[in-house]
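J.: One structure follows; several queries about it will come next.
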Amino acid sequence: MKISLNWINDFIDLSGIPVDEIVHKLTMSGLEVEDVIDERKIYKDFVVGFVKEKKKHPNADKLSVCTVWDGKHELQVICGAPNVEVNQKIVFASIGTIIAQGQFKLSKAKIRGVESFGMICSEAELELSDNHEGIMVLNDELKPGEKITSALGLNDVILEVAITPNRPDALSHIGVARDLAAIFNIPLTVPAIKIEETAGKISDIASVEIIDVENCPRYSAMVVQEVEIKDSPEWLSSRLKKIGLRPINNVVDVTNYIMYETGQPLHAFDLVNLEGNKIIVRSTDEESKFVTLDSKERVLPKNSLLICDAVRPVAIAGIMGGENSEVTSTTKDILIESAYFYHSSIRRTSKSLGLTTESSYRFERGTDPSNTLYAAQKAAQLIAELSSGKIAEGFIDVYPNPIKQNEIKLRYSRITKLLGYEIPQEKISEILFSLGCEIKHSGQNEVLLLIPTFRPDIEREVDLIEEIARIYGYDSIPTIETISVPLDIKHDESYFVDNIKNIASGLGFYEMINNPLQSESVASITGNKIKILNPQSQDMAYLRTSLIPGALQTIARNISVGEKDLYLFEVGNVFNKHVTDEIESFDDFSENQNLLFIITGRAAKKSWLTEETQSDFYILKGIIHSFLIKISLDNVLIDSYYNDGKSLFDYYFVKSYNKRVVGTGGKVNKNVLKFFDINQDVFCFEFNLDELKQIPIDEKRYKELLKYPKVFRDFAFIFDREAKHNEVIEFIKREGSKLLKSVRLFDLFESETIGTNKKSMAFALEYYDVNRTLTEEEVDKEFTKLITAVTKSFNAKLRG
């Protein structure tokens, strides 16, 4: 956005502050200045000239030889403009002047044998407009030799400022002036409105009705009668030109002027063309057509917000007016619209139409609902002054549900903790006041603030702290001589996911990244879908509830180009709604990080050594088992198997821990595959990583290699069939000495040959001592003792 410093000076006094300092501090505060156009430097060598004589060039039909008086010298100049005449006041550039267009230095030239000692300039060469058909003819009252910086008011500095989407308040000169006032600690003065109401009561002339209150919370209007449509005065045209706008007429120019000054878009209707002298704000019930100011017929989607009269639409709210109510040269009475439209509604319609205007650009980011009436009254005042119009008595301001200011508690200790340095409380109060915040309650340690409605981006305490930091100045952050770094153990939040990705890659899988926004039909396949407020298209209107549908879309695209053997994985967030109604709080939905493994096609291709193998349920199960081994959870999770009851799968298995489901997967149902045009089997498994992270994993520890040999023994007993091997193992461990380190069952045998209702169990025992070598005698003694104990306690018989 282009900002004029002369315009800014209407609200704050920047005299004495260098432009370079303004640019630096404005950029450091978050409003980046991308370009600076200093007219005082560009036009410093141009002066007012006087054409004393004009003769035909002896060697060229279209050239003239002119004598120009620059206030000091008479100079011969060759000019090719058809409109140059004797006694004209013109813009003259002498030798050595740098011409704005092309940035070249003017030198003495010989044109068709005749010397030229300067240039008579056009508006295009001065980059004041695109008009290059003739020279720029000046007012006769100007004095030759006078600098054009003062004669034409070309003494401004234009800043090209990059406005971030979260700062709609800065899309105006008052908004930028407010930041500069806070930065340099100078007062901001917004001129008061002085309205002379000389026409009848506005309530007898026009009325406004809002049907769609949600998308149009406020609508203000003023009426000016008996206006004269004509060109704008020089001061207004000049200001608009300097910020890149083309002057049209005094009424339209005023609406643009007020928008760039206050940030509030306006629209002027020809009151005569409003049926019933009435404005109705409503949304369309169905798709309809409408002809806009640019004479183009546009197809409006359903739920487009319209400004209508008593009979028909007259404007697309917040975007563009209609051809049927535009201000023309014959317009006498106008209604000035100044409304607050809900940003999502304007953005949705603008995107759908592919139509972006300066008004929609501002409404999409959020205008100030408290500013509508002020902007309308300021516009009415200016229009009445510039068109000899009469302002109707009173105003229209329909505001059924006033928008409340946000309240935020700010703790002084929190400021110091987040910024790392202390700012005096007096300075904090000064900054907040200059930014438009009101103090509702002030305490020793905190303050309760009312946030101005023109700052919708300030929602939390941390936003206020950011505002304080940027205005106080990042250059003011104190230098710290020494930095102490605690040697505490730091938790790497990304390690778990990075490790999982590495494991998946090691298992032969390729990572995919799918869009978390899906169409309604795709998102409905799994979970309870969540609709987003401002979708870019119907294909991206819902948040995904599972990683599976997006993966199936990826598989379908790969199969369509001949890639049928796929081993893919994805890590991503999924969202599920817990309520049937609209979401009102964070408790109404959940967001989880999931991991998906999905396979299809051949698991192994045919070669001279191996046969071709198709991916199946058992291969999927083996992959999941291998994955869990890698993260040391293979012996922790419990498997459950199902062959019906889940529409997504034909059959599937579930991994759980302490009765909480950690993951589910199996063979994808053919009806689901048909929906995605997939005609081959697909198997997948989806983990909930948030659940997986919660499972405790035994920490891996270094264990020194045993220095002394182990001694192994085994024995087999015939037990009663009811005896349980784990009870026997626990008994052996309990009865054994400290030398017994391990007991495991290695054989189980049942047969009538060993007796009725009997079974044989064989156990392997492992003995060692970390400090010495065991002797055969002590191991045999221990082993014999255990045989006796088992025989006696379990009524068992030792097998030979």
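Convention: chains lettered A, B, ... in structure tokens order; per-chain residue numbering from 1; ligands numbered from 1 as shown.
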What's the 9 Å shell around Gly175 in chain A, counting only C-alpha atoms, without same-chain residues fewer than 4 positions away, as a PyMOL selection string?
T.: chain A and resi 168-171+179-180+261-263
J.: Contacts of Val65 in chain A at 6 Å or less, counting only C-alpha atoms, minus same-chain residues fewer than 3 places along, as a compact mmCIF listing (two decimals) with N, CA and C atoms, in the first residue's frame?
T.:
```
# COMPACT_ATOMS: atom_id res chain seq x y z
N LYS A 54 8.97 30.21 -30.65
CA LYS A 54 8.84 28.88 -31.26
C LYS A 54 9.03 29.03 -32.75
N LYS A 55 9.98 28.26 -33.32
CA LYS A 55 10.23 28.26 -34.77
C LYS A 55 10.22 26.82 -35.26
N LYS A 56 9.92 26.68 -36.54
CA LYS A 56 9.93 25.35 -37.17
C LYS A 56 11.38 24.89 -37.33
N HIS A 57 11.61 23.61 -37.05
CA HIS A 57 12.95 23.04 -37.21
C HIS A 57 13.28 23.02 -38.70
N VAL A 77 15.94 24.98 -27.17
CA VAL A 77 15.49 23.62 -26.86
C VAL A 77 14.72 23.06 -28.05
N ILE A 78 15.04 21.86 -28.46
CA ILE A 78 14.30 21.17 -29.52
C ILE A 78 13.14 20.42 -28.87
```
J.: Considering only helix (DSSP H, G or I) as DSSP defines it on the backbone, what residues of range 693-779 of chain A qualify? List them as a list in words.
T.: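 Helix (DSSP H, G or I) assignments inside range 693-779 of chain A correspond to Lys693, Gln694, His725, Asn726, Glu727, Val728, Ile729, Glu730, Phe731, Ile732, Lys733, Arg734, Glu735, Glu752, Thr753, Ile754, Glu776, Glu777, Glu778 and Val779 of chain A.
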J.: For range 388-393 of chain A, please output as a ChimeraX atom specification all residues within 7 Å (counting only C-alpha atoms; exclusion window: fewer than 6 positions along the same chain).
T.: /A:196-202,223-228,380
J.: Take the residues from that selection and put them in a file with N, CA, C and O atoms, as a short mmCIF file (atom, residue, chain, number, x, y, z; two decimals), in the first residue's frame.
T.:
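This went into part04.cif:
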```cif
data_model
loop_
_atom_site.label_atom_id
_atom_site.label_comp_id
_atom_site.auth_asym_id
_atom_site.auth_seq_id
_atom_site.Cartn_x
_atom_site.Cartn_y
_atom_site.Cartn_z
N GLU A 196 -22.89 20.64 8.24
CA GLU A 196 -24.02 21.57 8.21
C GLU A 196 -25.18 20.87 7.51
O GLU A 196 -25.16 20.64 6.31
N GLU A 197 -26.18 20.51 8.29
CA GLU A 197 -27.33 19.78 7.77
C GLU A 197 -28.38 20.77 7.29
O GLU A 197 -29.07 21.40 8.09
N THR A 198 -28.48 20.91 5.98
CA THR A 198 -29.38 21.92 5.39
C THR A 198 -30.53 21.32 4.62
O THR A 198 -31.38 22.06 4.11
N ALA A 199 -30.59 20.00 4.49
CA ALA A 199 -31.70 19.35 3.77
C ALA A 199 -32.69 18.78 4.78
O ALA A 199 -32.55 18.97 5.99
N GLY A 200 -33.70 18.06 4.30
CA GLY A 200 -34.73 17.49 5.16
C GLY A 200 -34.21 16.35 6.00
O GLY A 200 -33.04 15.95 5.92
N LYS A 201 -35.09 15.78 6.82
CA LYS A 201 -34.71 14.68 7.69
C LYS A 201 -34.41 13.43 6.87
O LYS A 201 -35.17 13.08 5.96
N ILE A 202 -33.33 12.77 7.22
CA ILE A 202 -32.92 11.57 6.46
C ILE A 202 -33.95 10.45 6.60
O ILE A 202 -34.13 9.66 5.67
N VAL A 223 -27.08 10.93 3.57
CA VAL A 223 -27.66 11.37 2.30
C VAL A 223 -27.23 12.80 2.04
O VAL A 223 -27.30 13.66 2.92
N VAL A 224 -26.75 13.04 0.82
CA VAL A 224 -26.40 14.39 0.36
C VAL A 224 -27.22 14.69 -0.89
O VAL A 224 -27.20 13.90 -1.85
N GLN A 225 -27.94 15.80 -0.89
CA GLN A 225 -28.84 16.15 -2.00
C GLN A 225 -28.29 17.34 -2.77
O GLN A 225 -27.45 18.10 -2.30
N GLU A 226 -28.80 17.46 -4.00
CA GLU A 226 -28.48 18.58 -4.89
C GLU A 226 -26.98 18.71 -5.15
O GLU A 226 -26.41 19.80 -5.16
N VAL A 227 -26.33 17.57 -5.35
CA VAL A 227 -24.89 17.59 -5.63
C VAL A 227 -24.65 17.93 -7.09
O VAL A 227 -25.51 17.72 -7.96
N GLU A 228 -23.47 18.45 -7.36
CA GLU A 228 -23.05 18.73 -8.73
C GLU A 228 -21.84 17.85 -9.04
O GLU A 228 -20.79 18.00 -8.43
N ALA A 380 -19.72 12.65 3.76
CA ALA A 380 -20.81 13.59 3.49
C ALA A 380 -20.33 15.03 3.59
O ALA A 380 -20.69 15.88 2.76
#
```
J.: Nearest to Phe117 in chain A among A:Asp70, A:Asp130, A:Glu422, A:Tyr657, with distances taken over only C-alpha atoms: which residue is it?
T.: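 With only C-alpha atoms as the atom set, the closest residue is A:Asp70.
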